[in-house]
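Data block for coords29.tsv (TSV, C-alpha atoms and all ligand atoms):
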chain	number	residue	atom	x	y	z
A	1	MET	CA	2.25	24.81	-4.35
A	2	ILE	CA	5.70	26.08	-3.43
A	3	LEU	CA	4.45	29.44	-2.19
A	4	GLN	CA	0.93	30.44	-1.26
A	5	THR	CA	-0.05	33.75	0.30
A	6	ASP	CA	-3.43	34.79	1.60
A	7	ARG	CA	-4.19	38.53	1.87
A	8	LEU	CA	-0.64	39.34	2.94
A	9	SER	CA	-0.39	43.00	4.00
A	10	LYS	CA	2.25	45.38	5.31
A	11	THR	CA	1.74	49.11	5.75
A	12	TYR	CA	4.70	51.33	6.64
A	13	SER	CA	4.27	54.38	8.85
A	14	SER	CA	4.22	56.42	5.62
A	15	GLY	CA	0.96	54.66	4.71
A	16	THR	CA	2.51	52.79	1.75
A	17	GLY	CA	3.47	49.11	1.39
A	18	CYS	CA	1.20	46.44	-0.03
A	19	SER	CA	-2.13	45.00	0.98
A	20	ASN	CA	-4.15	41.83	0.58
A	21	ILE	CA	-1.73	40.07	-1.74
A	22	SER	CA	-2.89	36.52	-2.47
A	23	LEU	CA	-0.65	34.60	-4.86
A	24	SER	CA	0.15	30.95	-5.58
A	25	ILE	CA	3.38	29.81	-7.17
A	26	LYS	CA	3.47	26.31	-8.64
A	27	GLN	CA	6.49	24.09	-8.77
A	28	GLY	CA	8.62	24.36	-11.93
A	29	GLN	CA	7.36	27.72	-13.15
A	30	ILE	CA	8.95	31.11	-13.62
A	31	PHE	CA	6.66	33.65	-12.03
A	32	GLY	CA	7.11	37.38	-12.73
A	33	LEU	CA	5.92	40.09	-10.35
A	34	LEU	CA	5.59	43.36	-12.23
A	35	GLY	CA	4.70	46.87	-11.26
A	36	PRO	CA	5.96	50.45	-11.42
A	37	ASN	CA	8.49	51.83	-8.91
A	38	GLY	CA	7.11	51.83	-5.39
A	39	ALA	CA	4.29	49.38	-6.23
A	40	GLY	CA	5.16	47.14	-3.28
A	41	LYS	CA	7.01	44.28	-5.02
A	42	SER	CA	10.04	44.24	-2.69
A	43	THR	CA	7.80	44.64	0.34
A	44	PHE	CA	5.91	41.51	-0.70
A	45	VAL	CA	9.14	39.56	-1.26
A	46	LYS	CA	10.61	40.68	2.08
A	47	MET	CA	7.55	39.31	3.87
A	48	VAL	CA	7.88	35.99	2.04
A	49	VAL	CA	11.56	35.58	2.94
A	50	GLY	CA	10.98	36.61	6.56
A	51	LEU	CA	12.74	40.00	6.49
A	52	LEU	CA	9.49	41.85	7.25
A	53	ARG	CA	6.69	40.75	9.52
A	54	PRO	CA	3.27	41.09	7.84
A	55	ASP	CA	0.64	43.24	9.59
A	56	SER	CA	-2.04	40.78	8.55
A	57	GLY	CA	-2.64	37.84	6.24
A	58	SER	CA	-0.64	34.64	6.06
A	59	GLY	CA	1.41	32.49	3.74
A	60	THR	CA	3.20	29.20	3.41
A	61	LEU	CA	6.52	28.40	1.80
A	62	PHE	CA	7.16	24.70	1.22
A	63	GLY	CA	4.13	24.09	3.43
A	64	LYS	CA	5.63	25.92	6.43
A	65	PRO	CA	4.40	29.33	7.64
A	66	ILE	CA	6.40	32.19	6.15
A	67	GLY	CA	8.75	33.63	8.74
A	68	ASP	CA	9.55	30.14	10.07
A	69	PRO	CA	13.29	29.46	9.40
A	70	GLU	CA	12.30	25.92	8.30
A	71	SER	CA	10.37	27.42	5.37
A	72	ARG	CA	13.59	28.91	3.98
A	73	VAL	CA	15.82	25.83	3.94
A	74	LYS	CA	15.29	25.22	0.20
A	75	LEU	CA	15.13	28.91	-0.73
A	76	GLY	CA	17.70	30.99	-2.61
A	77	TYR	CA	17.29	34.78	-2.50
A	78	LEU	CA	18.93	37.68	-4.31
A	79	PRO	CA	17.86	40.95	-2.63
A	80	GLU	CA	17.27	44.06	-4.67
A	81	LEU	CA	19.93	46.10	-2.83
A	82	PHE	CA	22.80	43.65	-2.60
A	83	ARG	CA	25.95	44.78	-0.87
A	84	PHE	CA	28.87	42.52	-0.01
A	85	GLN	CA	31.87	42.81	2.28
A	86	ASP	CA	34.19	44.34	-0.30
A	87	TRP	CA	37.38	43.29	1.50
A	88	LEU	CA	36.50	39.62	0.95
A	89	THR	CA	37.11	37.66	-2.23
A	90	GLY	CA	34.14	36.28	-4.17
A	91	ALA	CA	35.00	32.78	-2.89
A	92	GLU	CA	35.10	34.02	0.71
A	93	VAL	CA	31.66	35.60	0.27
A	94	LEU	CA	30.31	32.26	-0.95
A	95	ARG	CA	31.92	30.40	1.98
A	96	TYR	CA	30.40	32.94	4.37
A	97	HIS	CA	26.93	32.38	2.88
A	98	ALA	CA	27.37	28.60	3.08
A	99	GLY	CA	28.25	29.07	6.77
A	100	LEU	CA	25.04	31.07	7.29
A	101	HIS	CA	23.22	28.14	5.72
A	102	GLY	CA	24.71	25.81	8.33
A	103	MET	CA	27.85	24.38	6.70
A	104	THR	CA	30.83	23.93	8.98
A	105	ARG	CA	34.14	25.65	8.29
A	106	ALA	CA	35.68	22.28	7.37
A	107	GLN	CA	32.86	21.59	4.89
A	108	THR	CA	33.35	24.98	3.19
A	109	LYS	CA	37.06	24.14	2.80
A	110	SER	CA	36.40	20.72	1.26
A	111	ALA	CA	37.27	19.76	-2.32
A	112	SER	CA	33.60	19.07	-3.13
A	113	PHE	CA	32.61	22.58	-1.99
A	114	ALA	CA	35.46	24.05	-4.06
A	115	GLU	CA	33.96	22.23	-7.06
A	116	ARG	CA	30.49	23.62	-6.26
A	117	MET	CA	31.87	27.16	-6.02
A	118	LYS	CA	33.64	26.72	-9.34
A	119	GLU	CA	30.38	25.57	-10.90
A	120	VAL	CA	28.31	28.52	-9.61
A	121	PHE	CA	31.03	30.99	-10.61
A	122	ARG	CA	30.89	29.46	-14.09
A	123	ILE	CA	27.10	29.49	-14.44
A	124	CYS	CA	26.92	33.06	-13.12
A	125	GLY	CA	29.62	34.24	-15.56
A	126	LEU	CA	32.33	34.99	-13.00
A	127	ASN	CA	34.60	32.16	-14.15
A	128	GLU	CA	38.15	32.95	-13.06
A	129	ARG	CA	37.28	35.95	-10.86
A	130	GLY	CA	36.40	34.03	-7.70
A	131	ASN	CA	39.69	34.85	-5.99
A	132	ASP	CA	39.51	38.60	-6.68
A	133	ARG	CA	38.30	40.91	-3.95
A	134	VAL	CA	34.73	42.21	-4.24
A	135	ARG	CA	36.04	45.79	-4.38
A	136	GLN	CA	37.69	44.87	-7.68
A	137	TYR	CA	34.34	43.74	-9.14
A	138	SER	CA	32.22	45.98	-11.35
A	139	LYS	CA	28.60	46.53	-10.25
A	140	GLY	CA	27.42	43.95	-12.77
A	141	MET	CA	29.96	41.43	-11.42
A	142	GLN	CA	28.72	42.08	-7.87
A	143	GLN	CA	25.19	41.33	-9.06
A	144	ARG	CA	26.47	38.10	-10.60
A	145	LEU	CA	28.07	37.28	-7.23
A	146	GLY	CA	24.66	37.86	-5.60
A	147	LEU	CA	23.17	35.41	-8.06
A	148	ALA	CA	25.93	32.92	-7.21
A	149	CYS	CA	25.07	33.28	-3.48
A	150	ALA	CA	21.39	32.65	-4.26
A	151	LEU	CA	22.19	29.51	-6.26
A	152	LEU	CA	25.05	28.16	-4.14
A	153	MET	CA	23.12	25.72	-1.98
A	154	ASP	CA	21.18	24.35	-4.99
A	155	PRO	CA	17.81	25.69	-3.77
A	156	GLU	CA	14.47	24.43	-5.06
A	157	PHE	CA	12.89	27.90	-5.08
A	158	ILE	CA	14.81	30.98	-6.12
A	159	ILE	CA	13.55	34.52	-5.49
A	160	LEU	CA	15.38	37.12	-7.54
A	161	ASP	CA	14.60	40.78	-6.82
A	162	GLU	CA	15.71	42.71	-9.92
A	163	PRO	CA	18.49	40.24	-10.89
A	164	SER	CA	19.52	42.08	-14.07
A	165	SER	CA	19.34	45.73	-12.97
A	166	ALA	CA	23.14	46.23	-13.13
A	167	LEU	CA	23.79	44.02	-16.15
A	168	ASP	CA	24.50	44.98	-19.75
A	169	PRO	CA	22.35	43.51	-22.57
A	170	ILE	CA	24.60	40.45	-22.94
A	171	GLY	CA	24.48	39.87	-19.17
A	172	ARG	CA	20.68	40.13	-19.23
A	173	TYR	CA	20.51	37.63	-22.06
A	174	GLU	CA	22.78	35.25	-20.12
A	175	VAL	CA	20.58	35.56	-17.02
A	176	ARG	CA	17.49	34.77	-19.10
A	177	GLN	CA	19.21	31.66	-20.43
A	178	LEU	CA	20.24	30.69	-16.90
A	179	LEU	CA	16.65	31.05	-15.67
A	180	GLU	CA	15.45	28.78	-18.47
A	181	GLN	CA	18.12	26.19	-17.59
A	182	LEU	CA	17.07	26.31	-13.94
A	183	ARG	CA	13.43	25.78	-14.91
A	184	SER	CA	14.46	22.81	-17.10
A	185	ALA	CA	16.19	21.39	-14.03
A	186	GLY	CA	12.83	21.57	-12.19
A	187	LYS	CA	13.54	24.70	-10.13
A	188	THR	CA	10.86	27.29	-9.39
A	189	ILE	CA	11.71	30.96	-9.88
A	190	PHE	CA	10.08	34.14	-8.63
A	191	LEU	CA	11.26	37.20	-10.50
A	192	ASN	CA	10.70	40.80	-9.44
A	193	THR	CA	11.57	43.09	-12.29
A	194	HIS	CA	10.69	46.10	-14.40
A	195	LEU	CA	12.42	44.59	-17.43
A	196	LEU	CA	9.42	43.67	-19.51
A	197	GLU	CA	11.44	41.92	-22.20
A	198	ASP	CA	12.86	39.56	-19.54
A	199	VAL	CA	9.39	38.79	-18.27
A	200	GLU	CA	7.96	38.33	-21.75
A	201	ALA	CA	10.83	36.02	-22.72
A	202	VAL	CA	10.85	33.66	-19.75
A	203	CYS	CA	7.83	33.92	-17.43
A	204	ASP	CA	5.01	31.38	-17.42
A	205	GLU	CA	2.78	33.42	-15.12
A	206	VAL	CA	2.76	37.06	-14.14
A	207	ALA	CA	1.08	39.29	-11.61
A	208	PHE	CA	0.81	43.04	-11.60
A	209	LEU	CA	1.04	45.23	-8.49
A	210	HIS	CA	0.04	48.87	-8.50
A	211	LYS	CA	0.09	51.16	-5.46
A	212	GLY	CA	0.29	48.17	-3.16
A	213	GLN	CA	-2.69	46.38	-4.71
A	214	LEU	CA	-2.73	43.26	-6.84
A	215	ARG	CA	-4.33	44.43	-10.08
A	216	ALA	CA	-4.12	41.21	-12.11
A	217	SER	CA	-2.48	37.81	-12.24
A	218	GLY	CA	-2.54	34.95	-14.71
A	219	SER	CA	-0.70	33.20	-17.50
A	220	MET	CA	1.57	35.19	-19.77
A	221	ARG	CA	-0.68	34.26	-22.70
A	222	ASP	CA	-3.74	35.80	-21.01
A	223	MET	CA	-1.84	38.93	-20.12
A	224	LEU	CA	-0.62	39.38	-23.70
A	225	GLN	CA	-4.24	39.12	-24.87
A	226	ARG	CA	-5.16	41.85	-22.40
A	227	GLY	CA	-2.20	43.89	-23.62
A	228	LEU	CA	-3.68	44.36	-27.09
A	229	SER	CA	-2.96	47.80	-28.48
A	230	TRP	CA	-4.27	49.74	-31.44
A	231	GLU	CA	-2.80	52.23	-33.88
A	232	PHE	CA	-5.02	55.13	-34.88
A	233	SER	CA	-4.20	57.11	-38.06
A	234	VAL	CA	-5.74	60.58	-37.73
A	235	SER	CA	-5.64	64.07	-39.23
A	236	GLY	CA	-6.27	67.41	-37.55
A	237	TRP	CA	-3.86	66.49	-34.71
A	238	LEU	CA	-2.44	69.17	-32.40
A	239	PRO	CA	0.26	68.24	-29.81
A	240	GLU	CA	-1.71	69.83	-26.93
A	241	LEU	CA	-4.53	67.34	-27.57
A	242	GLN	CA	-2.47	64.55	-25.96
A	243	GLU	CA	-2.85	65.88	-22.41
A	244	GLU	CA	-6.45	66.85	-23.02
A	245	LEU	CA	-7.33	63.35	-24.22
A	246	ARG	CA	-5.44	61.68	-21.36
A	247	GLY	CA	-7.67	63.53	-18.93
A	248	GLN	CA	-10.73	61.88	-20.53
A	249	LEU	CA	-9.49	58.29	-20.86
A	250	LEU	CA	-11.34	55.47	-19.14
A	251	PRO	CA	-9.56	53.32	-16.50
A	252	GLY	CA	-7.17	50.91	-18.21
A	253	MET	CA	-6.58	53.11	-21.27
A	254	ALA	CA	-3.35	54.84	-22.32
A	255	ILE	CA	-2.44	56.93	-25.33
A	256	ASP	CA	0.89	57.86	-26.88
A	257	VAL	CA	1.87	59.63	-30.10
A	258	ALA	CA	3.88	57.23	-32.30
A	259	LYS	CA	4.31	59.74	-35.19
A	260	ASP	CA	3.11	63.24	-35.97
A	261	ALA	CA	3.73	65.66	-38.81
A	262	ALA	CA	3.42	69.42	-39.32
A	263	ASP	CA	0.34	68.92	-41.55
A	264	GLY	CA	-1.63	67.53	-38.57
A	265	SER	CA	-1.46	63.86	-39.55
A	266	ALA	CA	-0.51	61.54	-36.71
A	267	VAL	CA	-0.37	57.92	-35.61
A	268	LEU	CA	-1.55	57.35	-32.04
A	269	LYS	CA	-0.68	54.22	-30.07
A	270	VAL	CA	-3.53	53.28	-27.80
A	271	ALA	CA	-3.72	50.67	-25.05
A	272	ALA	CA	-7.23	49.66	-24.09
A	273	GLY	CA	-8.89	46.96	-22.05
A	274	ASP	CA	-11.52	46.09	-24.68
A	275	ARG	CA	-13.20	47.10	-27.97
A	276	GLU	CA	-15.80	49.24	-26.18
A	277	GLN	CA	-13.02	51.56	-25.10
A	278	ILE	CA	-11.84	51.82	-28.71
A	279	GLY	CA	-15.35	52.92	-29.76
A	280	TYR	CA	-15.32	55.46	-26.95
A	281	LEU	CA	-11.96	56.88	-28.12
A	282	ILE	CA	-13.13	57.16	-31.75
A	283	ARG	CA	-16.15	59.21	-30.59
A	284	LEU	CA	-13.87	61.37	-28.42
A	285	LEU	CA	-11.47	62.05	-31.31
A	286	VAL	CA	-14.33	62.96	-33.67
A	287	GLU	CA	-15.78	65.32	-31.04
A	288	GLU	CA	-12.34	66.99	-30.84
A	289	GLY	CA	-12.62	67.65	-34.59
A	290	LEU	CA	-10.18	64.98	-35.77
A	291	THR	CA	-10.71	62.66	-38.71
A	292	VAL	CA	-9.99	59.00	-37.97
A	293	TYR	CA	-8.78	57.21	-41.13
A	294	GLU	CA	-7.74	53.85	-39.80
A	295	VAL	CA	-7.72	51.81	-36.57
A	296	VAL	CA	-5.41	48.77	-36.66
A	297	PRO	CA	-5.03	46.25	-33.79
A	298	VAL	CA	-1.37	45.57	-32.99
A	299	GLN	CA	0.06	42.34	-31.57
A	300	GLY	CA	-0.33	42.36	-27.79
A	301	SER	CA	2.74	43.30	-25.85
A	302	LEU	CA	3.52	43.23	-22.18
A	303	GLU	CA	4.45	46.90	-22.43
A	304	ALA	CA	0.94	47.79	-23.61
A	305	TRP	CA	-0.52	45.70	-20.79
A	306	PHE	CA	1.84	47.31	-18.26
A	307	LEU	CA	0.85	50.79	-19.43
A	308	SER	CA	-2.83	50.03	-19.39
A	309	MET	CA	-2.61	48.45	-15.93
A	310	SER	CA	-0.74	51.52	-14.62
A	311	GLY	CA	-3.42	53.76	-16.10
A	312	GLY	CA	-0.80	55.09	-18.52
A	313	GLU	CA	1.56	56.09	-15.72
A	314	ALA	CA	5.23	55.79	-16.49
A	315	ALA	CA	7.36	54.00	-13.88
A	316	GLY	CA	7.74	56.32	-10.93
A	317	GLY	CA	4.27	57.71	-11.48
A	318	ALA	CA	5.40	60.66	-13.59
A	319	ARG	CA	2.04	61.01	-15.30
A	320	THR	CA	-1.20	61.41	-13.49
A	401	LIG	N1	11.29	50.74	5.13
A	401	LIG	C1	10.34	51.50	4.61
A	401	LIG	N2	9.74	52.48	5.34
A	401	LIG	C2	8.75	53.25	4.83
A	401	LIG	N3	8.28	53.13	3.56
A	401	LIG	C3	8.84	52.17	2.78
A	401	LIG	C4	9.89	51.32	3.26
A	401	LIG	N4	10.24	50.47	2.27
A	401	LIG	C5	9.46	50.78	1.21
A	401	LIG	N5	8.62	51.79	1.52
A	401	LIG	C6	7.57	52.38	0.65
A	401	LIG	O1	6.64	51.37	0.33
A	401	LIG	C7	6.24	51.46	-1.03
A	401	LIG	C8	6.57	50.15	-1.73
A	401	LIG	O2	8.00	50.03	-1.81
A	401	LIG	P1	8.67	48.75	-2.45
A	401	LIG	O3	10.16	48.90	-2.31
A	401	LIG	O4	8.05	47.53	-1.90
A	401	LIG	O5	8.24	48.91	-3.99
A	401	LIG	P2	8.81	48.19	-5.30
A	401	LIG	O6	7.62	47.85	-6.13
A	401	LIG	O7	9.74	47.10	-4.94
A	401	LIG	O8	9.61	49.42	-5.95
A	401	LIG	P3	10.92	49.42	-6.90
A	401	LIG	O9	10.51	48.76	-8.18
A	401	LIG	O10	11.19	50.88	-7.07
A	401	LIG	O11	12.00	48.69	-6.18
A	401	LIG	C9	6.97	52.68	-1.61
A	401	LIG	O12	6.08	53.78	-1.54
A	401	LIG	C10	8.14	52.87	-0.67
A	401	LIG	O13	8.51	54.24	-0.59
Kindly return the structure encoded in the file as structure tokens.
Amino acid sequence: MILQTDRLSKTYSSGTGCSNISLSIKQGQIFGLLGPNGAGKSTFVKMVVGLLRPDSGSGTLFGKPIGDPESRVKLGYLPELFRFQDWLTGAEVLRYHAGLHGMTRAQTKSASFAERMKEVFRICGLNERGNDRVRQYSKGMQQRLGLACALLMDPEFIILDEPSSALDPIGRYEVRQLLEQLRSAGKTIFLNTHLLEDVEAVCDEVAFLHKGQLRASGSMRDMLQRGLSWEFSVSGWLPELQEELRGQLLPGMAIDVAKDAADGSAVLKVAAGDREQIGYLIRLLVEEGLTVYEVVPVQGSLEAWFLSMSGGEAAGGART
């Protein structure tokens, strides 16, 4: 195992954080940590990289206790809130990071290091912009520079906290391709993200955090199975029924209106943990006076799984 944590916990004075997180990350996989805003994903990552001291629990990175500088020698990390010295050029930022990693000034000025910088600028899509000052970079370019810093020293394990948040769709696609190339080269990647399409496209294993607790973890295939959703065709629908039904859903269920018409016909999109819950919802709808014409299972999606795991809460916990 590259990373193994055992009941890792951190509670802030506000009472939030994350608790009892036990995860194992195998070599050569892309692991996705999912969860709504404020679930505790960054808190977990900060403990792993030694930026936060856990209150309890333990973990090892490359066999060394987390927090030990030795554990981080083969680690690359892109923090969620990256901010660079904007008076430096991209190349100077990379040299600075290489210095933090232990390279001497002479080494960072060498021809071989110049080649390495050129390579990471290329793979991160910054190509000819390495000699421009960071203040001339767009936000997306600064995120690409953060990625370049994380990859610079050719780490074995790369932790990326929201690597695509500032990127446009093409940039996101390029990052997905880059992650796949890194996996092919034998690297291990830990991805913190809300971007479900990124996770669905590249991750081998995923875990889901909610309100600081680990709700589920497993292979992407298993999670997609759990993310089965159903489409209900009904008549007698009234818009106010949506909130009323939400109040009666069982844990793990979510309901959304995919289509509705003035004549009361509607298509409801339902996420549910199992078939029993579907039977329960049919009874509920009939009791509300609706007629259920058809119930069709829809291909599992990570979105359906995410919604069911969050109890139907949108990111940020807008719904209760
Ligand atoms: N330094 C801090 N002091 C107090 N509370 C904090 C601190 N950092 C985070 N929190 C709280 O801890 C909880 C978890 O935050 P964290 O940033 O780990 O979540 P996250 O899943 O990474 O969220 P997001 O996806 O929005 O980045 C939140 O309720 C947050 O407000």
Excluding same-chain residues fewer than 5 positions from Asp161 in chain A, what lies within 10 Å of it counting only C-alpha atoms, as a PyMOL selection string?
chain A and resi 33+41-42+45-46+77-82+190-193
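Shell of Gln242 in chain A at 8 Å, with all atoms listed in the file counted and residues fewer than 5 places along the chain excluded, is A:Ile255, A:Asp256, A:Val257.
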Tell me, in Å to one decimal, how far CA of Trp305 in chain A is from atom O9 of ligand LIG 401 (chain A).
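One can read the CA of Trp305 in chain A to atom O9 of ligand LIG 401 (chain A) distance as 17.0 Å.
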Could you list, as a ChimeraX atom specification, every residue within 7 Å of range 128-135 of chain A, counting all atoms listed in the file and ignoring same-chain residues fewer than 4 positions away?
/A:86-91,121
All residues having an atom within 10 Å of ligand LIG 401 (chain A) (only C-alpha atoms and all ligand atoms) as a compact mmCIF listing (two decimals) with C-alpha atoms, in the coordinates of the input:
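The result, written out as pocket_20.txt:
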# COMPACT_ATOMS: atom_id res chain seq x y z
CA LYS A 10 2.25 45.38 5.31
CA THR A 11 1.74 49.11 5.75
CA TYR A 12 4.70 51.33 6.64
CA SER A 13 4.27 54.38 8.85
CA SER A 14 4.22 56.42 5.62
CA GLY A 15 0.96 54.66 4.71
CA THR A 16 2.51 52.79 1.75
CA GLY A 17 3.47 49.11 1.39
CA CYS A 18 1.20 46.44 -0.03
CA LEU A 33 5.92 40.09 -10.35
CA LEU A 34 5.59 43.36 -12.23
CA GLY A 35 4.70 46.87 -11.26
CA PRO A 36 5.96 50.45 -11.42
CA ASN A 37 8.49 51.83 -8.91
CA GLY A 38 7.11 51.83 -5.39
CA ALA A 39 4.29 49.38 -6.23
CA GLY A 40 5.16 47.14 -3.28
CA LYS A 41 7.01 44.28 -5.02
CA SER A 42 10.04 44.24 -2.69
CA THR A 43 7.80 44.64 0.34
CA PHE A 44 5.91 41.51 -0.70
CA VAL A 45 9.14 39.56 -1.26
CA LYS A 46 10.61 40.68 2.08
CA LEU A 52 9.49 41.85 7.25
CA GLU A 80 17.27 44.06 -4.67
CA LEU A 81 19.93 46.10 -2.83
CA ASP A 161 14.60 40.78 -6.82
CA GLU A 162 15.71 42.71 -9.92
CA ASN A 192 10.70 40.80 -9.44
CA THR A 193 11.57 43.09 -12.29
CA HIS A 194 10.69 46.10 -14.40
CA PHE A 208 0.81 43.04 -11.60
CA LEU A 209 1.04 45.23 -8.49
CA HIS A 210 0.04 48.87 -8.50
CA LYS A 211 0.09 51.16 -5.46
CA GLY A 212 0.29 48.17 -3.16
CA ALA A 315 7.36 54.00 -13.88
CA GLY A 316 7.74 56.32 -10.93
List as a PyMOL selection string the protein and nucleic acid residues near Ala201 in chain A, meaning an atom at most 12 Å away when all atoms listed in the file are counted, but skip any in the same chain fewer than 6 places from it.
chain A and resi 30-32+172-173+175-177+179-180+195+220-221+224+301-302
When distances are computed from only C-alpha atoms, which of A:Leu285, A:Met47, A:Ala272, A:Val234 shows the smallest separation from Ala258 in chain A?
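Closest to Ala258 in chain A, using only C-alpha atoms: A:Val234.
As for CA of Leu8 in chain A and CA of Ile66 in chain A, they are spaced 10.5 Å apart.
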With distances taken over all atoms listed in the file, which of A:Asp274, A:Val199, A:Asp168, A:Ser233 is nearest to Gly252 in chain A?
A:Asp274
Rounded to one decimal in Å, what is the spacing between CA of Asn20 in chain A and CA of Lys187 in chain A?
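CA of Asn20 in chain A sits 26.9 Å away from CA of Lys187 in chain A.
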Applying 12 Å and all atoms listed in the file, which residues near Tyr293 in chain A remain after dropping the ones on its own chain fewer than 3 positions away? List them as a PyMOL selection string.
chain A and resi 231-236+265-268+282+285-286+290+296
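If only C-alpha atoms are the atoms counted, then among A:Met153, A:Ala148, A:Leu23, A:Leu126 the closest residue to Gly99 in chain A is A:Met153.
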Return the single residue from A:Gly28, A:Ala98, A:Pro65, A:Ile2 that is closest to Cys203 in chain A, with distances computed using only C-alpha atoms.
A:Gly28
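Within 12 Å of the point (-9.9, 62.7, -23.4), counting all atoms listed in the file, the protein and nucleic acid residues come to Glu240, Leu241, Gln242, Glu243, Glu244, Leu245, Arg246, Gly247, Gln248, Leu249, Leu250, Pro251, Met253, Ala254, Ile255, Gln277, Tyr280, Leu281, Ile282, Arg283, Leu284, Leu285, Val286, Glu287 and Glu288 of chain A.
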Serialized selection, C-alpha atoms, as an mmCIF file, keeping the file's coordinate frame:
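Writing the result to result.cif gives the following:
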data_model
loop_
_atom_site.group_PDB
_atom_site.id
_atom_site.type_symbol
_atom_site.label_atom_id
_atom_site.label_comp_id
_atom_site.auth_asym_id
_atom_site.auth_seq_id
_atom_site.Cartn_x
_atom_site.Cartn_y
_atom_site.Cartn_z
ATOM 1 C CA GLU A 240 -1.710 69.830 -26.930
ATOM 2 C CA LEU A 241 -4.530 67.340 -27.570
ATOM 3 C CA GLN A 242 -2.470 64.550 -25.960
ATOM 4 C CA GLU A 243 -2.850 65.880 -22.410
ATOM 5 C CA GLU A 244 -6.450 66.850 -23.020
ATOM 6 C CA LEU A 245 -7.330 63.350 -24.220
ATOM 7 C CA ARG A 246 -5.440 61.680 -21.360
ATOM 8 C CA GLY A 247 -7.670 63.530 -18.930
ATOM 9 C CA GLN A 248 -10.730 61.880 -20.530
ATOM 10 C CA LEU A 249 -9.490 58.290 -20.860
ATOM 11 C CA LEU A 250 -11.340 55.470 -19.140
ATOM 12 C CA PRO A 251 -9.560 53.320 -16.500
ATOM 13 C CA MET A 253 -6.580 53.110 -21.270
ATOM 14 C CA ALA A 254 -3.350 54.840 -22.320
ATOM 15 C CA ILE A 255 -2.440 56.930 -25.330
ATOM 16 C CA GLN A 277 -13.020 51.560 -25.100
ATOM 17 C CA TYR A 280 -15.320 55.460 -26.950
ATOM 18 C CA LEU A 281 -11.960 56.880 -28.120
ATOM 19 C CA ILE A 282 -13.130 57.160 -31.750
ATOM 20 C CA ARG A 283 -16.150 59.210 -30.590
ATOM 21 C CA LEU A 284 -13.870 61.370 -28.420
ATOM 22 C CA LEU A 285 -11.470 62.050 -31.310
ATOM 23 C CA VAL A 286 -14.330 62.960 -33.670
ATOM 24 C CA GLU A 287 -15.780 65.320 -31.040
ATOM 25 C CA GLU A 288 -12.340 66.990 -30.840
#
Nearest to Glu70 in chain A by atom-to-atom distance, counting all atoms listed in the file, from A:Gly57, A:Gly125, A:Gly50, A:Gly171
A:Gly50
Out of A:Val295, A:Ser165, A:Glu200, A:Ile21, which residue has the shortest atom-to-atom distance to Ser58 in chain A when counting all atoms listed in the file?
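Of A:Val295, A:Ser165, A:Glu200, A:Ile21, the one nearest Ser58 in chain A is A:Ile21, counting all atoms listed in the file.
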How big is the axis-aligned box, and where does its centre sit, when it encloses all atoms of range 3-20 of chain A listed in the file and has 6 Å added on every side, reported in Å to one decimal as AutoDock Vina command-line options?
--center_x 0.3 --center_y 42.9 --center_z 3.3 --size_x 20.9 --size_y 39.0 --size_z 23.0
Taking (10.1, 22.7, -7.8) in the file's own coordinates, collect the residues within 7 Å, counting only C-alpha atoms, and hand them back as a PDB file with C-alpha atoms, keeping the file's coordinate frame.
ATOM      1  CA  GLN A  27       6.490  24.090  -8.770  1.00  0.00           C
ATOM      2  CA  GLY A  28       8.620  24.360 -11.930  1.00  0.00           C
ATOM      3  CA  GLU A 156      14.470  24.430  -5.060  1.00  0.00           C
ATOM      4  CA  PHE A 157      12.890  27.900  -5.080  1.00  0.00           C
ATOM      5  CA  GLY A 186      12.830  21.570 -12.190  1.00  0.00           C
ATOM      6  CA  LYS A 187      13.540  24.700 -10.130  1.00  0.00           C
ATOM      7  CA  THR A 188      10.860  27.290  -9.390  1.00  0.00           C
TER       8      THR A 188
END
Using the incomplete input, complete range 237-244 of chain A to the level of N, CA and C atoms; output as a PDB file, in the frame of the given file.
ATOM      1  N   TRP A 237      -4.507  66.671 -36.025  1.00  0.00           N
ATOM      2  CA  TRP A 237      -3.860  66.490 -34.710  1.00  0.00           C
ATOM      3  C   TRP A 237      -3.103  67.751 -34.269  1.00  0.00           C
ATOM      4  N   LEU A 238      -3.237  68.088 -33.009  1.00  0.00           N
ATOM      5  CA  LEU A 238      -2.440  69.170 -32.400  1.00  0.00           C
ATOM      6  C   LEU A 238      -1.753  68.592 -31.169  1.00  0.00           C
ATOM      7  N   PRO A 239      -0.464  68.873 -30.936  1.00  0.00           N
ATOM      8  CA  PRO A 239       0.260  68.240 -29.810  1.00  0.00           C
ATOM      9  C   PRO A 239      -0.443  68.424 -28.464  1.00  0.00           C
ATOM     10  N   GLU A 240      -1.090  69.593 -28.250  1.00  0.00           N
ATOM     11  CA  GLU A 240      -1.710  69.830 -26.930  1.00  0.00           C
ATOM     12  C   GLU A 240      -2.910  68.899 -26.676  1.00  0.00           C
ATOM     13  N   LEU A 241      -3.384  68.237 -27.763  1.00  0.00           N
ATOM     14  CA  LEU A 241      -4.530  67.340 -27.570  1.00  0.00           C
ATOM     15  C   LEU A 241      -4.178  66.130 -26.694  1.00  0.00           C
ATOM     16  N   GLN A 242      -2.873  65.764 -26.692  1.00  0.00           N
ATOM     17  CA  GLN A 242      -2.470  64.550 -25.960  1.00  0.00           C
ATOM     18  C   GLN A 242      -2.870  64.628 -24.483  1.00  0.00           C
ATOM     19  N   GLU A 243      -2.525  65.746 -23.833  1.00  0.00           N
ATOM     20  CA  GLU A 243      -2.850  65.880 -22.410  1.00  0.00           C
ATOM     21  C   GLU A 243      -4.360  65.972 -22.214  1.00  0.00           C
ATOM     22  N   GLU A 244      -4.999  66.678 -23.131  1.00  0.00           N
ATOM     23  CA  GLU A 244      -6.450  66.850 -23.020  1.00  0.00           C
ATOM     24  C   GLU A 244      -7.159  65.486 -23.109  1.00  0.00           C
TER      25      GLU A 244
END
